[in-house]
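Take a look at the structure set out below.
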Amino acid sequence: MRQRIFWAGAVAAIAALVTGGCGSDSPTSSSGDGGVVVQGVLLSEGAAVGAADLSSSAAQAKKVTVRVEGTTLTVDVSANGTFKLSGVPSGTFTLVFLADGVEVGRVVVSAGDGSQVSIVVQVQGSVLVVIDIKVEGTDPGTTPPSSSSCGINGGTLGQGIELEGNVSSGSSAAFKLSVNGRASFPIDVNAAAASFKCVGNAKTTSDAECKAAVKTGAKVHVKGTLMTCATSSAQVTATEVKVQKD
């Protein structure tokens with residue numbers, strides 16, 4: 001099941017929030033030794049995503065649980081919207097988010113032993129939206145997971161990427177992108193929360209017209225984050241889509 005996820009910038013605020021709690025405001029956490037530490041913030045539905053809003057809008061009506069797929073590691077998000085998972089096996093792992101026991105989304109992360117992952121997410125209806133994610137502090141004695149199996153030339157899992165090509169199917173919310181020279185397969189682009197701009201021959205007078213221009217054959221430039229990548233498939237969560245021409 002395809003999950004719709006979105007990337008935006010709030011790196012500085014994440015670190016301040018997930019490390020600054022104390023007492024009843026401390027993040028709910030799971031136990032574990034070594035490995036990777038994941039610290040997260042869950043914003044309330046409809047909350048603004050600006051850095052100034054992260055510390056004051058984390059409450060969630062639904063009970064949200066985070067688990068690491070393939071392990072026994074699981075944690076409930078606290079009342080103030082924070083959580084922490086310790087001892088997550090290094091390498092590539094999947095965080096599964098459940099709201100009232102129902103899966104709402106997954107996030108694939110790659111991190112070396114001793115790393116810390118900071119993540120901000122939001123549940124919008126039945127969809128998980130990734131607001132920001134950052135991996136830092138890899139143990140110098142370990143080798144980060146290889147991205148050699150990624151079918152996009154120059155692509156690194158979890159990192160920013162810019163791609164240019166033609167829409168092969170889909171619409172402005174989600175489409176497949178054929179990229180000449182960098183991949184031999186269409187790339188899935190999730191642009192549900194991206195900004196759109198039509199330039200050149202595709203210039204329009206409204207956002208609605210610009211989004212409507214994202215159709216089969218349209219030439220687009222996509223800026224975003226490489227969320228998954230294998231030898232024959234990949235998914236990019238777009239933050240910006242520029243439509244260049246039909």
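In the structure tokens, each chain is lettered A, B, ... as it comes, each chain's residues begin at 1, and ligands are numbered from 1 in order of appearance.
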
Apply DSSP to the structure's backbone, then extract all residues of stretch 30-220 of chain A labelled helix (DSSP H, G or I) and return them as a list in words.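 Put together, the selection reads Ala51, Ala52, Asp53, Gly200, Asn201, Ala202, Asp207, Ala208, Glu209, Cys210, Lys211 and Ala212 of chain A.
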
Near stretch 217-230 of chain A, counting only C-alpha atoms, which residues have an atom at most 8 Å away, once you skip same-chain residues fewer than 5 positions from it, shown as a ChimeraX atom specification? /A:7,107-108,149-152,155-168,235-246

For the selection you just gave me, I'd like the residues written to a file as a CSV table (one decimal), in the first residue's frame, keeping N, CA, C and O atoms.
chain,number,residue,atom,x,y,z
A,7,TRP,N,8.0,15.9,2.8
A,7,TRP,CA,9.2,16.4,3.4
A,7,TRP,C,9.2,17.9,3.4
A,7,TRP,O,8.9,18.6,2.4
A,107,VAL,N,7.9,4.9,7.2
A,107,VAL,CA,9.1,5.7,6.9
A,107,VAL,C,10.3,4.8,6.8
A,107,VAL,O,10.6,4.2,7.8
A,108,VAL,N,11.0,4.8,5.7
A,108,VAL,CA,12.2,4.0,5.6
A,108,VAL,C,13.4,4.9,5.9
A,108,VAL,O,13.6,6.0,5.4
A,149,SER,N,22.7,-0.3,-4.4
A,149,SER,CA,21.6,-1.0,-5.0
A,149,SER,C,20.5,0.0,-5.5
A,149,SER,O,19.5,-0.5,-6.0
A,150,CYS,N,20.7,1.3,-5.3
A,150,CYS,CA,19.7,2.3,-5.8
A,150,CYS,C,19.8,2.4,-7.3
A,150,CYS,O,20.9,2.6,-7.8
A,151,GLY,N,18.7,2.3,-7.9
A,151,GLY,CA,18.7,2.3,-9.4
A,151,GLY,C,18.7,3.7,-10.0
A,151,GLY,O,18.7,3.9,-11.2
A,152,ILE,N,18.8,4.8,-9.1
A,152,ILE,CA,18.9,6.1,-9.6
A,152,ILE,C,20.3,6.6,-9.5
A,152,ILE,O,20.9,6.6,-8.5
A,155,GLY,N,21.7,8.8,-6.7
A,155,GLY,CA,20.7,8.9,-5.6
A,155,GLY,C,21.2,8.2,-4.3
A,155,GLY,O,21.8,7.2,-4.3
A,156,THR,N,20.9,8.9,-3.2
A,156,THR,CA,21.2,8.4,-1.9
A,156,THR,C,20.0,8.4,-1.0
A,156,THR,O,19.3,9.4,-0.9
A,157,LEU,N,19.6,7.2,-0.5
A,157,LEU,CA,18.4,7.0,0.3
A,157,LEU,C,18.4,8.0,1.4
A,157,LEU,O,19.3,8.2,2.2
A,158,GLY,N,17.2,8.7,1.6
A,158,GLY,CA,17.0,9.6,2.7
A,158,GLY,C,17.6,11.0,2.5
A,158,GLY,O,17.5,11.9,3.3
A,159,GLN,N,18.2,11.2,1.3
A,159,GLN,CA,18.9,12.5,1.0
A,159,GLN,C,18.1,13.3,0.0
A,159,GLN,O,17.2,12.7,-0.7
A,160,GLY,N,18.4,14.6,-0.1
A,160,GLY,CA,17.7,15.4,-1.1
A,160,GLY,C,18.1,15.0,-2.5
A,160,GLY,O,19.2,14.5,-2.8
A,161,ILE,N,17.2,15.3,-3.5
A,161,ILE,CA,17.5,14.9,-4.9
A,161,ILE,C,16.7,15.8,-5.8
A,161,ILE,O,15.6,16.3,-5.4
A,162,GLU,N,17.3,16.1,-7.0
A,162,GLU,CA,16.6,16.9,-8.0
A,162,GLU,C,16.6,16.1,-9.3
A,162,GLU,O,17.6,15.5,-9.7
A,163,LEU,N,15.4,15.9,-9.9
A,163,LEU,CA,15.2,15.1,-11.1
A,163,LEU,C,14.5,15.9,-12.1
A,163,LEU,O,13.6,16.7,-11.8
A,164,GLU,N,14.8,15.7,-13.4
A,164,GLU,CA,14.1,16.3,-14.5
A,164,GLU,C,13.7,15.3,-15.5
A,164,GLU,O,14.6,14.4,-15.9
A,165,GLY,N,12.5,15.3,-16.0
A,165,GLY,CA,12.1,14.3,-16.9
A,165,GLY,C,10.6,14.6,-17.4
A,165,GLY,O,10.1,15.7,-17.2
A,166,ASN,N,10.0,13.6,-17.9
A,166,ASN,CA,8.6,13.7,-18.4
A,166,ASN,C,7.7,12.8,-17.6
A,166,ASN,O,8.0,11.7,-17.2
A,167,VAL,N,6.5,13.4,-17.3
A,167,VAL,CA,5.4,12.6,-16.6
A,167,VAL,C,4.9,11.5,-17.5
A,167,VAL,O,4.5,11.8,-18.7
A,168,SER,N,5.0,10.3,-17.0
A,168,SER,CA,4.5,9.2,-17.9
A,168,SER,C,3.1,8.8,-17.5
A,168,SER,O,2.3,8.2,-18.3
A,235,GLN,N,10.9,5.9,-4.9
A,235,GLN,CA,9.9,6.9,-4.6
A,235,GLN,C,10.6,8.2,-4.0
A,235,GLN,O,11.4,8.1,-3.2
A,236,VAL,N,10.1,9.3,-4.6
A,236,VAL,CA,10.6,10.6,-4.2
A,236,VAL,C,9.4,11.4,-3.6
A,236,VAL,O,8.3,11.4,-4.2
A,237,THR,N,9.6,12.0,-2.5
A,237,THR,CA,8.6,12.9,-1.9
A,237,THR,C,9.0,14.3,-2.3
A,237,THR,O,10.1,14.8,-1.9
A,238,ALA,N,8.2,14.9,-3.1
A,238,ALA,CA,8.6,16.2,-3.7
A,238,ALA,C,8.2,17.4,-2.7
A,238,ALA,O,7.2,17.4,-2.1
A,239,THR,N,9.1,18.4,-2.7
A,239,THR,CA,8.8,19.6,-2.0
A,239,THR,C,8.5,20.7,-3.0
A,239,THR,O,7.8,21.7,-2.7
A,240,GLU,N,9.0,20.6,-4.2
A,240,GLU,CA,8.8,21.6,-5.3
A,240,GLU,C,8.7,20.9,-6.7
A,240,GLU,O,9.5,20.0,-6.9
A,241,VAL,N,7.7,21.3,-7.5
A,241,VAL,CA,7.6,20.8,-8.8
A,241,VAL,C,7.5,22.0,-9.7
A,241,VAL,O,6.6,22.8,-9.6
A,242,LYS,N,8.4,22.1,-10.7
A,242,LYS,CA,8.4,23.1,-11.7
A,242,LYS,C,8.0,22.5,-13.0
A,242,LYS,O,8.6,21.6,-13.5
A,243,VAL,N,6.9,22.9,-13.6
A,243,VAL,CA,6.4,22.5,-14.9
A,243,VAL,C,7.0,23.4,-15.9
A,243,VAL,O,6.8,24.6,-15.9
A,244,GLN,N,7.7,22.8,-16.9
A,244,GLN,CA,8.5,23.5,-17.8
A,244,GLN,C,7.7,23.7,-19.2
A,244,GLN,O,7.8,24.7,-19.8
A,245,LYS,N,7.1,22.6,-19.6
A,245,LYS,CA,6.3,22.7,-20.8
A,245,LYS,C,5.6,21.4,-21.0
A,245,LYS,O,5.9,20.4,-20.4
A,246,ASP,N,4.5,21.4,-21.9
A,246,ASP,CA,3.8,20.2,-22.2
A,246,ASP,C,4.5,19.4,-23.3
A,246,ASP,O,5.3,20.0,-24.1

Contacts of stretch 35-46 of chain A within 7 Å, only C-alpha atoms, excl. fewer than 3 positions in-chain, as an MDAnalysis selection string: chainID A and resid 18 57:60 81:90 113:124

Restrict the selected residues to C-alpha atoms and save them as a PDB file, in the first residue's frame.
ATOM      1  CA  VAL A  18      13.062  16.206  21.104  1.00  0.00           C
ATOM      2  CA  SER A  57       1.073  21.895  18.805  1.00  0.00           C
ATOM      3  CA  ALA A  58       2.033  18.281  19.385  1.00  0.00           C
ATOM      4  CA  ALA A  59      -1.082  16.838  21.083  1.00  0.00           C
ATOM      5  CA  GLN A  60      -2.933  14.074  19.227  1.00  0.00           C
ATOM      6  CA  GLY A  81       3.472  14.245  20.981  1.00  0.00           C
ATOM      7  CA  THR A  82       7.010  12.943  21.478  1.00  0.00           C
ATOM      8  CA  PHE A  83       8.523   9.470  21.312  1.00  0.00           C
ATOM      9  CA  LYS A  84      11.921   7.778  21.442  1.00  0.00           C
ATOM     10  CA  LEU A  85      13.166   4.415  20.220  1.00  0.00           C
ATOM     11  CA  SER A  86      16.579   3.194  21.364  1.00  0.00           C
ATOM     12  CA  GLY A  87      18.618   0.224  20.198  1.00  0.00           C
ATOM     13  CA  VAL A  88      17.190   0.169  16.685  1.00  0.00           C
ATOM     14  CA  PRO A  89      19.355  -2.135  14.522  1.00  0.00           C
ATOM     15  CA  SER A  90      21.622  -0.109  12.249  1.00  0.00           C
ATOM     16  CA  ASP A 113      25.485   2.293  14.338  1.00  0.00           C
ATOM     17  CA  GLY A 114      25.581   5.107  16.883  1.00  0.00           C
ATOM     18  CA  SER A 115      23.491   7.464  14.753  1.00  0.00           C
ATOM     19  CA  GLN A 116      20.588   9.563  15.961  1.00  0.00           C
ATOM     20  CA  VAL A 117      17.506  10.039  13.813  1.00  0.00           C
ATOM     21  CA  SER A 118      15.284  13.074  14.428  1.00  0.00           C
ATOM     22  CA  ILE A 119      11.869  12.999  12.776  1.00  0.00           C
ATOM     23  CA  VAL A 120       8.758  15.185  12.762  1.00  0.00           C
ATOM     24  CA  VAL A 121       5.534  13.703  11.404  1.00  0.00           C
ATOM     25  CA  GLN A 122       1.845  14.508  11.263  1.00  0.00           C
ATOM     26  CA  VAL A 123      -1.203  12.263  10.808  1.00  0.00           C
ATOM     27  CA  GLN A 124      -3.679  13.917   8.451  1.00  0.00           C
TER      28      GLN A 124
END

At a cut-off of 9 Å, using only C-alpha atoms, what residues contact A:Leu98? Leave out same-chain residues fewer than 3 positions from it and give the result as a JSON list (two decimals) with N, CA, C and O atoms, in the first residue's frame.
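Okay, this is what ended up in result.json:
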[["chain", "number", "residue", "atom", "x", "y", "z"],
["A", 63, "LYS", "N", -4.54, 7.58, 19.61],
["A", 63, "LYS", "CA", -3.37, 6.95, 20.20],
["A", 63, "LYS", "C", -2.48, 6.47, 19.05],
["A", 63, "LYS", "O", -2.90, 5.67, 18.22],
["A", 64, "VAL", "N", -1.28, 6.98, 19.00],
["A", 64, "VAL", "CA", -0.37, 6.63, 17.92],
["A", 64, "VAL", "C", 0.79, 5.80, 18.47],
["A", 64, "VAL", "O", 1.39, 6.15, 19.49],
["A", 65, "THR", "N", 1.06, 4.70, 17.81],
["A", 65, "THR", "CA", 2.14, 3.80, 18.19],
["A", 65, "THR", "C", 3.14, 3.73, 17.06],
["A", 65, "THR", "O", 2.77, 3.75, 15.89],
["A", 66, "VAL", "N", 4.42, 3.67, 17.43],
["A", 66, "VAL", "CA", 5.48, 3.54, 16.43],
["A", 66, "VAL", "C", 6.21, 2.23, 16.70],
["A", 66, "VAL", "O", 6.60, 1.96, 17.83],
["A", 67, "ARG", "N", 6.40, 1.45, 15.67],
["A", 67, "ARG", "CA", 7.17, 0.21, 15.83],
["A", 67, "ARG", "C", 8.19, 0.08, 14.71],
["A", 67, "ARG", "O", 8.03, 0.66, 13.64],
["A", 101, "GLY", "N", -4.35, 1.64, 16.37],
["A", 101, "GLY", "CA", -4.13, 0.27, 15.90],
["A", 101, "GLY", "C", -4.17, 0.09, 14.40],
["A", 101, "GLY", "O", -3.92, -1.01, 13.90],
["A", 102, "VAL", "N", -4.46, 1.15, 13.66],
["A", 102, "VAL", "CA", -4.56, 1.06, 12.20],
["A", 102, "VAL", "C", -3.34, 1.74, 11.58],
["A", 102, "VAL", "O", -3.03, 2.88, 11.90],
["A", 103, "GLU", "N", -2.65, 1.03, 10.70],
["A", 103, "GLU", "CA", -1.46, 1.59, 10.07],
["A", 103, "GLU", "C", -1.82, 2.80, 9.21],
["A", 103, "GLU", "O", -2.72, 2.74, 8.37],
["A", 104, "VAL", "N", -1.07, 3.89, 9.41],
["A", 104, "VAL", "CA", -1.31, 5.11, 8.63],
["A", 104, "VAL", "C", -0.11, 5.49, 7.77],
["A", 104, "VAL", "O", -0.22, 6.37, 6.92],
["A", 105, "GLY", "N", 1.02, 4.84, 7.98],
["A", 105, "GLY", "CA", 2.17, 5.18, 7.16],
["A", 105, "GLY", "C", 3.45, 4.51, 7.62],
["A", 105, "GLY", "O", 3.54, 3.97, 8.72]]

Given only C-alpha atoms as the counted atoms, nearest of A:Asp100, A:Asp207, A:Glu69, A:Asp76 to A:Ala194: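 That would be A:Asp207, the residue with the smallest distance to A:Ala194.
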
By how many Å are atom CA of A:Thr205 and atom CA of A:Leu177 apart?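 Separating atom CA of A:Thr205 from atom CA of A:Leu177 is a distance of 24.4 Å.
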
One decimal, Å: what's the distance from atom CA of A:Arg106 over to atom CA of A:Thr71, could you say?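 Taking atom CA of A:Arg106 and atom CA of A:Thr71, their separation equals 14.6 Å.
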
Can you work out which one of A:Asn201, A:Ser169, A:Ser232, A:Ile187 has the shortest atom-to-atom distance to A:Val214, counting only C-alpha atoms?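 Counting only C-alpha atoms, the residue closest to A:Val214 is A:Ser169.
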